[in-house]
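For reference, input.txt is printed below; it contains compact mmCIF, C-alpha atoms.
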# COMPACT_ATOMS: atom_id res chain seq x y z
CA MET Z 122 11.93 -0.44 22.50
CA PHE Z 123 12.53 -0.99 18.79
CA VAL Z 124 15.87 -2.57 17.82
CA ASP Z 125 16.60 -3.19 14.14
CA ARG Z 126 20.36 -3.84 14.33
CA ILE Z 127 22.29 -5.78 16.95
CA LYS Z 128 25.66 -7.48 17.24
CA VAL Z 129 25.65 -10.88 18.91
CA PHE Z 130 28.04 -13.65 19.82
CA ALA Z 131 26.81 -17.17 19.01
CA GLN Z 132 28.37 -20.41 20.16
CA ALA Z 133 27.13 -23.91 19.41
CA GLY Z 134 27.47 -26.69 21.96
CA ASP Z 135 30.51 -28.93 22.19
CA GLY Z 136 30.21 -32.65 21.64
CA GLY Z 137 30.47 -34.96 24.65
CA ARG Z 138 33.62 -37.02 25.03
CA GLY Z 139 33.72 -40.77 24.57
CA CYS Z 140 33.87 -43.15 27.52
CA VAL Z 141 36.53 -45.69 28.52
CA SER Z 142 34.74 -48.59 30.15
CA PHE Z 143 34.96 -52.39 30.32
CA ARG Z 144 32.19 -54.88 30.85
CA ARG Z 145 32.23 -56.19 34.39
CA GLU Z 146 29.56 -58.84 34.92
CA LYS Z 147 29.29 -62.08 36.83
CA PHE Z 148 29.96 -65.20 34.77
CA VAL Z 149 31.20 -63.05 31.83
CA PRO Z 150 35.00 -63.26 31.80
CA ARG Z 151 36.89 -60.86 29.58
CA GLY Z 152 33.78 -58.82 28.83
CA GLY Z 153 35.73 -56.41 26.66
CA PRO Z 154 35.34 -52.67 26.11
CA ASP Z 155 31.86 -51.14 26.25
CA GLY Z 156 32.49 -47.38 26.39
CA GLY Z 157 29.76 -45.37 24.64
CA ASP Z 158 30.03 -42.33 22.40
CA GLY Z 159 29.42 -38.76 23.47
CA GLY Z 160 26.33 -36.85 22.46
CA ARG Z 161 26.28 -34.19 19.77
CA GLY Z 162 26.34 -30.52 20.75
CA GLY Z 163 23.35 -28.31 20.08
CA ASP Z 164 23.11 -26.09 17.00
CA VAL Z 165 22.27 -22.39 17.03
CA ILE Z 166 19.36 -21.95 14.63
CA LEU Z 167 17.72 -18.72 13.47
CA ARG Z 168 14.01 -18.96 12.68
CA ALA Z 169 12.01 -16.22 10.99
CA ASP Z 170 8.84 -15.54 12.96
CA VAL Z 171 6.03 -13.35 11.68
CA HIS Z 172 5.00 -12.53 15.25
CA THR Z 173 8.43 -11.03 16.07
CA ASP Z 174 8.65 -7.46 14.83
CA ASN Z 175 12.16 -6.42 15.94
CA LEU Z 176 15.40 -7.63 17.52
CA SER Z 177 14.79 -6.33 21.04
CA ASN Z 178 14.95 -9.86 22.50
CA LEU Z 179 18.61 -10.07 21.46
CA PHE Z 180 19.32 -6.67 22.99
CA TYR Z 181 18.97 -8.28 26.42
CA GLU Z 182 20.59 -11.57 25.35
CA PRO Z 183 23.46 -10.72 22.98
CA ILE Z 184 25.29 -13.95 23.84
CA ILE Z 185 23.63 -17.02 22.33
CA LYS Z 186 24.94 -20.36 23.56
CA ALA Z 187 23.64 -23.83 22.91
CA LYS Z 188 24.11 -26.67 25.38
CA SER Z 189 26.86 -29.26 25.00
CA GLY Z 190 26.28 -32.96 24.48
CA VAL Z 191 26.42 -35.40 27.37
CA HIS Z 192 29.48 -37.63 27.77
CA GLY Z 193 29.28 -41.29 26.89
CA GLN Z 194 28.86 -43.96 29.58
CA GLY Z 195 29.56 -47.62 30.13
CA LYS Z 196 27.47 -50.45 28.70
CA LYS Z 197 27.71 -48.71 25.31
CA LYS Z 198 25.43 -45.92 26.43
CA HIS Z 199 25.54 -42.96 24.10
CA GLY Z 200 25.43 -39.52 25.63
CA ARG Z 201 22.30 -37.45 25.11
CA ALA Z 202 22.47 -35.05 22.17
CA ALA Z 203 21.75 -31.44 23.13
CA GLN Z 204 18.64 -29.69 21.85
CA PRO Z 205 19.25 -26.93 19.31
CA LYS Z 206 19.05 -23.33 20.49
CA VAL Z 207 16.33 -21.74 18.34
CA VAL Z 208 16.35 -17.94 18.18
CA LYS Z 209 13.29 -16.23 16.72
CA VAL Z 210 14.05 -13.23 14.52
CA PRO Z 211 11.74 -10.99 12.46
CA VAL Z 212 10.98 -11.79 8.86
CA GLY Z 213 13.42 -9.77 6.78
CA THR Z 214 16.48 -10.25 9.00
CA VAL Z 215 19.85 -10.18 7.25
CA VAL Z 216 22.90 -11.75 8.91
CA TYR Z 217 26.45 -10.49 8.37
CA PRO Z 218 29.78 -11.61 9.83
CA ALA Z 219 31.22 -9.16 12.34
CA ALA Z 220 34.66 -8.51 13.70
CA ALA Z 221 35.55 -9.64 17.19
CA PRO Z 222 35.63 -6.88 19.81
CA VAL Z 223 38.92 -5.13 20.43
CA PRO Z 224 40.64 -6.66 23.49
CA ARG Z 225 40.93 -4.31 26.43
CA ASN Z 226 44.42 -3.22 27.42
CA ASP Z 227 45.41 -4.66 30.81
CA ASP Z 228 47.63 -1.68 31.57
CA TYR Z 229 45.05 0.79 32.82
CA ASP Z 230 47.60 3.46 33.69
CA ALA Z 231 49.03 3.72 30.22
CA GLU Z 232 47.24 6.24 28.01
CA PRO Z 233 46.42 5.05 24.50
CA THR Z 234 48.48 6.54 21.75
CA ARG Z 235 46.99 8.22 18.73
CA LYS Z 236 47.91 5.19 16.63
CA ASP Z 237 46.10 2.83 19.01
CA GLU Z 238 43.02 5.04 18.97
CA GLY Z 239 42.93 4.95 15.19
CA THR Z 240 43.28 1.17 15.15
CA GLU Z 241 40.43 0.77 17.63
CA ALA Z 242 38.24 3.16 15.67
CA GLU Z 243 38.84 1.18 12.49
CA ALA Z 244 37.92 -2.05 14.27
CA LEU Z 245 34.76 -0.58 15.74
CA SER Z 246 33.72 0.79 12.35
CA THR Z 247 33.50 -2.75 11.01
CA PHE Z 248 30.54 -3.43 13.30
CA ILE Z 249 28.20 -1.44 11.04
CA PRO Z 250 28.38 -2.83 7.51
CA GLN Z 251 27.48 -0.65 4.59
CA PRO Z 252 25.56 -2.09 1.61
CA SER Z 253 27.60 -4.70 -0.24
CA SER Z 254 30.61 -4.23 2.08
CA PHE Z 255 30.19 -7.59 3.84
CA PRO Z 256 29.02 -10.93 2.45
CA VAL Z 257 25.51 -11.85 3.48
CA ILE Z 258 25.44 -15.08 5.47
CA ALA Z 259 21.67 -15.45 5.59
CA ASP Z 260 18.58 -13.58 4.46
CA LEU Z 261 15.36 -14.78 6.11
CA THR Z 262 12.53 -13.41 3.97
CA HIS Z 263 9.66 -15.83 4.68
CA ASP Z 264 7.89 -16.93 7.82
CA GLY Z 265 9.34 -20.20 9.08
CA ASP Z 266 12.67 -19.89 7.25
CA GLU Z 267 15.50 -21.44 9.26
CA PHE Z 268 19.26 -21.07 9.08
CA VAL Z 269 21.91 -22.92 11.10
CA LEU Z 270 24.10 -20.09 12.33
CA CYS Z 271 26.55 -22.28 14.28
CA LYS Z 272 26.77 -26.05 13.98
CA GLY Z 273 27.23 -28.15 17.11
CA GLY Z 274 30.26 -30.33 17.56
CA GLY Z 275 30.13 -34.08 17.03
CA GLY Z 276 30.38 -36.50 19.92
CA GLY Z 277 33.61 -38.31 20.76
CA LYS Z 278 34.17 -42.02 20.25
CA GLY Z 279 34.22 -44.50 23.13
CA ASN Z 280 36.87 -47.20 23.53
CA VAL Z 281 34.54 -49.78 22.00
CA HIS Z 282 35.53 -48.40 18.59
CA PHE Z 283 39.23 -49.10 19.14
CA LYS Z 284 39.11 -52.83 19.91
CA SER Z 285 40.88 -55.21 17.59
CA SER Z 286 42.41 -58.65 17.57
CA LYS Z 287 45.63 -57.16 18.84
CA ASN Z 288 44.17 -54.53 21.16
CA ARG Z 289 41.51 -56.31 23.19
CA ALA Z 290 41.55 -53.89 26.12
CA PRO Z 291 41.77 -50.43 24.49
CA VAL Z 292 41.97 -47.35 26.66
CA GLN Z 293 41.80 -44.91 23.79
CA TYR Z 294 38.90 -42.52 23.31
CA THR Z 295 38.32 -39.19 21.57
CA GLU Z 296 37.15 -35.87 22.87
CA GLY Z 297 34.03 -34.28 21.46
CA GLU Z 298 34.39 -31.72 18.71
CA GLU Z 299 34.08 -28.05 19.55
CA GLY Z 300 30.99 -26.25 18.36
CA GLU Z 301 31.23 -23.40 15.88
CA GLN Z 302 31.23 -19.86 17.22
CA GLY Z 303 31.55 -16.33 15.96
CA HIS Z 304 30.40 -12.72 16.09
CA PHE Z 305 27.52 -11.74 13.84
CA LEU Z 306 25.53 -8.64 13.03
CA PHE Z 307 21.76 -8.93 12.60
CA GLU Z 308 20.05 -6.25 10.54
CA LEU Z 309 16.32 -5.95 10.04
CA ARG Z 310 15.03 -4.77 6.68
CA THR Z 311 11.30 -4.22 6.72
CA ILE Z 312 9.38 -6.22 4.14
CA ALA Z 313 6.44 -4.31 2.65
CA ASP Z 314 4.76 -3.85 -0.71
CA ALA Z 315 5.15 -0.07 -0.73
CA ALA Z 316 7.14 2.50 1.25
CA LEU Z 317 6.14 6.05 2.12
CA VAL Z 318 9.20 8.21 1.46
CA GLY Z 319 9.37 11.88 2.31
CA TYR Z 320 10.80 14.67 4.40
CA PRO Z 321 9.92 14.95 8.08
CA ASN Z 322 6.47 16.43 8.71
CA ALA Z 323 5.28 15.54 5.20
CA GLY Z 324 2.29 13.68 6.66
CA LYS Z 325 3.39 10.10 6.11
CA SER Z 326 2.28 8.84 9.53
CA THR Z 327 -1.07 10.61 9.25
CA LEU Z 328 -1.62 9.06 5.83
CA LEU Z 329 -0.78 5.55 7.04
CA GLY Z 330 -3.14 5.91 9.99
CA LYS Z 331 -5.97 6.97 7.66
CA ILE Z 332 -5.68 4.18 5.06
CA SER Z 333 -4.85 1.30 7.43
CA ALA Z 334 -5.46 0.12 10.97
CA ALA Z 335 -1.94 1.09 12.07
CA HIS Z 336 -1.48 3.71 14.78
CA PRO Z 337 1.83 5.48 14.14
CA LYS Z 338 2.84 8.36 16.36
CA VAL Z 339 1.72 11.72 14.99
CA ALA Z 340 3.05 15.01 16.35
CA PRO Z 341 3.80 18.52 14.98
CA TYR Z 342 7.58 18.19 15.07
CA PRO Z 343 10.13 16.48 12.79
CA PHE Z 344 11.39 12.92 13.22
CA THR Z 345 8.28 11.78 15.05
CA THR Z 346 8.72 8.37 13.43
CA LEU Z 347 11.93 6.80 14.70
CA HIS Z 348 11.34 3.26 13.47
CA PRO Z 349 9.34 1.73 10.61
CA VAL Z 350 5.62 1.21 11.10
CA VAL Z 351 3.85 -1.23 8.79
CA GLY Z 352 0.12 -1.01 8.09
CA VAL Z 353 -2.10 -3.27 6.00
CA VAL Z 354 -4.46 -1.77 3.42
CA ASP Z 355 -7.47 -3.87 2.34
CA PHE Z 356 -8.77 -3.76 -1.24
CA ASP Z 357 -11.78 -5.21 -2.98
CA GLY Z 358 -11.58 -8.85 -3.96
CA TYR Z 359 -10.00 -9.89 -0.65
CA ARG Z 360 -6.67 -8.37 -1.60
CA ARG Z 361 -4.39 -6.53 0.76
CA ALA Z 362 -1.03 -4.82 0.71
CA SER Z 363 1.43 -3.77 3.39
CA ILE Z 364 2.56 -0.13 3.49
CA ALA Z 365 5.65 0.92 5.46
CA ASP Z 366 6.01 4.33 7.08
CA VAL Z 367 9.74 4.85 7.49
CA PRO Z 368 11.58 7.68 9.31
CA GLY Z 369 11.87 10.99 7.53
CA LEU Z 370 14.62 11.53 4.97
CA ILE Z 371 16.76 14.67 4.79
CA GLU Z 372 19.46 15.83 2.42
CA GLY Z 373 22.69 13.89 2.91
CA ALA Z 374 20.97 10.72 4.14
CA HIS Z 375 23.14 8.59 1.84
CA ARG Z 376 26.12 9.78 3.95
CA ASN Z 377 24.23 8.70 7.11
CA VAL Z 378 23.10 12.26 7.91
CA GLY Z 379 20.06 12.36 10.19
CA LEU Z 380 18.70 8.85 10.54
CA GLY Z 381 20.53 8.07 7.30
CA HIS Z 382 21.08 4.34 6.79
CA ASP Z 383 18.63 3.59 9.63
CA PHE Z 384 15.96 4.80 7.21
CA LEU Z 385 17.25 3.85 3.79
CA ARG Z 386 17.82 0.14 4.38
CA HIS Z 387 14.14 -0.35 5.24
CA ILE Z 388 12.98 0.53 1.73
CA THR Z 389 15.30 -1.86 -0.12
CA ARG Z 390 12.69 -4.64 -0.13
CA CYS Z 391 9.65 -2.57 -1.12
CA ARG Z 392 8.15 -3.14 -4.56
CA ILE Z 393 7.18 0.49 -5.19
CA LEU Z 394 8.11 3.81 -3.61
CA LEU Z 395 5.53 6.50 -2.81
CA PHE Z 396 7.07 9.94 -2.43
CA VAL Z 397 4.89 11.93 -0.05
CA LEU Z 398 5.38 15.67 -0.67
CA ASP Z 399 4.30 18.65 1.41
CA ILE Z 400 2.73 20.22 -1.66
CA ALA Z 401 1.81 23.40 0.26
CA GLY Z 402 5.43 24.05 1.26
CA SER Z 403 4.40 24.56 4.89
CA GLU Z 404 7.93 23.78 6.11
CA GLY Z 405 9.53 26.49 3.96
CA ARG Z 406 10.67 24.16 1.15
CA HIS Z 407 9.41 23.90 -2.41
CA PRO Z 408 7.89 20.50 -3.33
CA ILE Z 409 9.77 20.33 -6.64
CA GLU Z 410 13.10 20.66 -4.82
CA ASP Z 411 11.93 18.12 -2.23
CA LEU Z 412 11.19 15.56 -4.93
CA GLN Z 413 14.53 16.12 -6.65
CA ASN Z 414 16.44 15.83 -3.38
CA LEU Z 415 14.61 12.66 -2.34
CA ARG Z 416 15.23 10.98 -5.68
CA ARG Z 417 18.88 12.03 -5.62
CA GLU Z 418 19.48 10.66 -2.11
CA ILE Z 419 17.99 7.29 -3.00
CA ASP Z 420 20.03 7.07 -6.19
CA LEU Z 421 23.24 7.93 -4.33
CA TYR Z 422 22.52 5.36 -1.63
CA ASP Z 423 21.77 2.51 -4.02
CA PRO Z 424 21.26 3.05 -7.79
CA ARG Z 425 19.13 -0.10 -7.92
CA LEU Z 426 16.53 1.58 -5.72
CA SER Z 427 16.08 4.41 -8.20
CA GLU Z 428 15.09 1.81 -10.81
CA ARG Z 429 12.04 0.73 -8.79
CA PRO Z 430 8.59 1.95 -9.83
CA TRP Z 431 7.78 5.18 -7.99
CA TYR Z 432 4.90 7.61 -7.76
CA VAL Z 433 4.12 10.93 -6.08
CA VAL Z 434 1.51 11.62 -3.39
CA ALA Z 435 0.85 15.36 -3.04
CA ASN Z 436 -0.28 15.83 0.56
CA LYS Z 437 -1.70 18.84 2.46
CA MET Z 438 -3.94 20.00 -0.37
CA ASP Z 439 -6.15 21.74 2.22
CA LEU Z 440 -3.48 24.40 2.91
CA PRO Z 441 -2.93 27.64 0.96
CA GLU Z 442 -0.62 27.61 -2.08
CA ALA Z 443 -1.11 23.85 -2.44
CA ALA Z 444 -3.05 24.11 -5.72
CA GLU Z 445 -0.49 26.52 -7.16
CA ASN Z 446 2.44 24.29 -6.25
CA LEU Z 447 0.65 21.21 -7.59
CA ASP Z 448 0.11 22.95 -10.92
CA ALA Z 449 3.80 23.93 -11.00
CA LEU Z 450 4.83 20.34 -10.26
CA GLN Z 451 2.67 18.93 -13.05
CA ARG Z 452 3.92 21.54 -15.52
CA ARG Z 453 7.52 20.80 -14.50
CA PHE Z 454 7.06 17.03 -14.91
CA PRO Z 455 4.07 16.57 -17.25
CA GLY Z 456 4.34 12.77 -17.48
CA LEU Z 457 4.57 12.21 -13.72
CA GLU Z 458 1.64 10.41 -12.07
CA VAL Z 459 0.58 12.48 -9.05
CA VAL Z 460 -2.23 11.79 -6.56
CA ALA Z 461 -3.47 14.88 -4.71
CA ILE Z 462 -4.76 14.20 -1.18
CA SER Z 463 -5.25 15.76 2.21
CA ALA Z 464 -4.52 13.11 4.82
CA ALA Z 465 -5.63 15.33 7.69
CA GLU Z 466 -9.04 15.96 6.05
CA SER Z 467 -9.32 12.44 4.54
CA ASP Z 468 -9.72 13.90 1.06
CA GLY Z 469 -8.60 11.87 -1.95
CA LEU Z 470 -7.86 8.71 0.04
CA GLU Z 471 -10.25 6.52 -1.96
CA GLU Z 472 -8.59 7.59 -5.18
CA LEU Z 473 -5.19 6.86 -3.63
CA LYS Z 474 -6.29 3.36 -2.61
CA GLU Z 475 -7.58 2.71 -6.12
CA ARG Z 476 -4.26 3.85 -7.57
CA LEU Z 477 -2.41 1.62 -5.09
CA ARG Z 478 -4.46 -1.35 -6.17
CA ARG Z 479 -3.61 -0.66 -9.80
CA TRP Z 480 0.07 -0.03 -9.13
CA LEU Z 481 0.51 -3.18 -7.05
CA PHE Z 482 -1.79 -5.72 -8.68
CA VAL Z 483 -2.54 -4.56 -12.24
CA GLU Z 484 0.48 -2.82 -13.65
CA THR Z 485 3.77 -4.64 -14.08
CA ALA Z 486 7.03 -3.40 -12.67
CA THR Z 487 7.99 -1.79 -15.99
CA ALA Z 488 4.87 0.35 -15.90
CA GLY Z 489 6.26 2.51 -13.09
CA ARG Z 490 8.31 5.64 -13.47
CA VAL Z 491 11.55 3.82 -14.21
CA GLU Z 492 12.97 4.80 -17.58
CA GLY Z 493 10.83 7.77 -18.54
CA PRO Z 494 12.29 11.22 -19.21
CA GLU Z 495 10.73 12.52 -15.98
CA THR Z 496 12.88 10.17 -13.94
CA ALA Z 497 16.11 11.40 -15.55
CA GLU Z 498 14.95 15.01 -15.19
CA VAL Z 499 14.11 14.58 -11.52
CA LEU Z 500 17.51 12.96 -10.83
CA ALA Z 501 19.26 15.74 -12.75
CA GLY Z 502 17.77 18.33 -10.41
CA ASP Z 503 18.66 21.35 -12.53
As structure tokens, the full file:
Amino acid sequence: MFVDRIKVFAQAGDGGRGCVSFRREKFVPRGGPDGGDGGRGGDVILRADVHTDNLSNLFYEPIIKAKSGVHGQGKKKHGRAAQPKVVKVPVGTVVYPAAAPVPRNDDYDAEPTRKDEGTEAEALSTFIPQPSSFPVIADLTHDGDEFVLCKGGGGGKGNVHFKSSKNRAPVQYTEGEEGEQGHFLFELRTIADAALVGYPNAGKSTLLGKISAAHPKVAPYPFTTLHPVVGVVDFDGYRRASIADVPGLIEGAHRNVGLGHDFLRHITRCRILLFVLDIAGSEGRHPIEDLQNLRREIDLYDPRLSERPWYVVANKMDLPEAAENLDALQRRFPGLEVVAISAAESDGLEELKERLRRWLFVETATAGRVEGPETAEVLAGD
């Protein structure tokens, strides 16, 4: 099971309370106070782990609690501090604050009013943040990155701290501090060098399986890919790049139509975008309209994404009408860099890998299709 978004409740451990104790020992009259301090509560720490690929472990453990510190003891013994609760999350996890769940009404017989239903719906809608709608608490982008999600409470003071010349037998002590707690939303954004963007059945999964060692699911029906699949492509000179195959995009995805935001957020970290087109129009659509719709959806979702370098991969060149549609695409956008391939027949893959090497390691970010007239014309979609 692949989980890329989960809401959790995290609670750090409470500090142990201080101890009230007096020294009682033979031949030691008036031994005085010797109550020790309480131990510190455990922290809740998030750690990015390259070997964790999704958030399914938190699906079965949505409540994260660290242990509390041990209470202080006599003879000035400090309580044991609790070990931190370390939670491994995938590299690329973003943490948002989340609203607390709506309390359940104790009156089961009473039917909720329309006003109550609207209030509950508004509260539940806050669980799924849209881009830039909630402040980002943490963004773990490198292996080994750590973030203290909830800090444990400090230990209480024993009565040894309250002795004075006037108070030689203190009975005062302090309780341990409470650990931090809260509701949080974890969202995974796949980190890759390039993303394969296209309509369902455009051949993205087949292409990734041909140029890398990944084994994405391939089937002759739409939305075969339901979660991102990352493959690694090796180049000459001991260089490699990660390519992400993300779920298919349809018109209206910026309004969360289809897989919507489940797809779009996974391309926000990619350096370049590769638009994979069904150049033969085997699904009844024209590739020029597909390209315009894809570019428009990305621009409507996040205008910053449309400023990334992007290129076109014309797939299914082995089918009829592919050459004619490719010629129409190049005449429509003469300055657009297009790579013609057939992923099913493994034709043109070496040229595609050479272009990938140049796009990722040779050309700078400004060398992509960012500010050219073709980009504005594609977004216009006349």
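A straight line drawn from atom CA of Z:Ala464 to atom CA of Z:Arg310 is 26.6 Å long.
Coordinates place atom CA of Z:Ser427 at a distance of 21.4 Å from atom CA of Z:His407.
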Using only C-alpha atoms, the residue out of Z:Glu475, Z:Glu428, Z:Glu267, Z:Glu301 with shortest distance to Z:Phe130 is Z:Glu301
Min atom-atom distance to Z:Asp439 from the set Z:Ala401, Z:Val459, Z:Leu261, Z:Leu270, counting all atoms listed in the file, belongs to Z:Ala401
Separating atom CA of Z:Phe180 from atom CA of Z:Tyr320, to the nearest tenth of an Å, is a gap of 29.6 Å
**Asked** What lies within 7 Å of stretch 138-152 of chain Z using all atoms listed in the file, ignoring chain neighbours under 5 positions off, as a list in words?
**Response** Gly157, Asp158, Gly159, His192, Gly193, Gln194, Gly195, Lys196, Gly276, Gly277, Lys278, Gly279, Asn280, Val292, Tyr294, Thr295, Glu296 and Gly297 of chain Z
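Residues with any atom within 8 Å of Z:Ser463, counting only C-alpha atoms and excluding same-chain neighbours fewer than 2 positions away, are Asn436, Lys437, Met438, Asp439, Ala461, Ala465, Glu466, Ser467, Asp468, Gly469 and Leu470 of chain Z.
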Convert the current residue selection to file output with C-alpha atoms, as a PDB file, in the coordinates of the input.
ATOM      1  CA  ASN Z 436      -0.280  15.830   0.560  1.00  0.00           C
ATOM      2  CA  LYS Z 437      -1.700  18.840   2.460  1.00  0.00           C
ATOM      3  CA  MET Z 438      -3.940  20.000  -0.370  1.00  0.00           C
ATOM      4  CA  ASP Z 439      -6.150  21.740   2.220  1.00  0.00           C
ATOM      5  CA  ALA Z 461      -3.470  14.880  -4.710  1.00  0.00           C
ATOM      6  CA  ALA Z 465      -5.630  15.330   7.690  1.00  0.00           C
ATOM      7  CA  GLU Z 466      -9.040  15.960   6.050  1.00  0.00           C
ATOM      8  CA  SER Z 467      -9.320  12.440   4.540  1.00  0.00           C
ATOM      9  CA  ASP Z 468      -9.720  13.900   1.060  1.00  0.00           C
ATOM     10  CA  GLY Z 469      -8.600  11.870  -1.950  1.00  0.00           C
ATOM     11  CA  LEU Z 470      -7.860   8.710   0.040  1.00  0.00           C
TER      12      LEU Z 470
END
Residues near Z:Ile364, anyone? I mean within 7 Å using all atoms listed in the file, not counting same-chain ones fewer than 6 positions away, as a count of residues only. 7
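Among the candidates Z:Val318, Z:Ile184, Z:Leu412, Z:Val207, the residue lying nearest to Z:Val165 is Z:Val207 (atoms considered: all atoms listed in the file).
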* Asked: So which residues touch Z:Arg392 within 12 Å, counting only C-alpha atoms, skipping near sequence neighbours fewer than 2 positions away, as an NGL selection string?
  -> :Z and (311-317 or 362-365 or 387-390 or 394-395 or 425-432 or 477 or 480-482 or 484-487 or 489)
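Proximity ranking of Z:Gly200, Z:Glu410, Z:Gly319, Z:Cys271 relative to Z:Arg453 places Z:Glu410 first, based on all atoms listed in the file.
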If we count all atoms listed in the file and set the cut-off at 12 Å, which residues sit around Z:Val216, ignoring sequence neighbours fewer than 4 positions away in its own chain? Please answer as JSON, numbers by chain.
{"Z": [125, 126, 127, 128, 129, 167, 169, 210, 211, 212, 249, 250, 255, 256, 257, 258, 259, 260, 261, 262, 268, 269, 270, 304, 305, 306, 307, 308, 309, 310]}
For stretch 165-179 of chain Z, what centre and edge lengths in Å (one decimal) does the axis-aligned box get once 8 Å is added on each side of all its listed atoms, as AutoDock Vina command-line options?
--center_x 13.6 --center_y -14.4 --center_z 16.7 --size_x 33.3 --size_y 32.1 --size_z 27.5
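Counting all atoms listed in the file and comparing Z:Asp170, Z:Asp164, Z:Asp135, Z:Glu442, the residue that lies closest to Z:Val191 is Z:Asp135.
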Using only C-alpha atoms, the residue out of Z:Glu298, Z:Glu472, Z:Asp264, Z:Glu182 with shortest distance to Z:Val460 is Z:Glu472
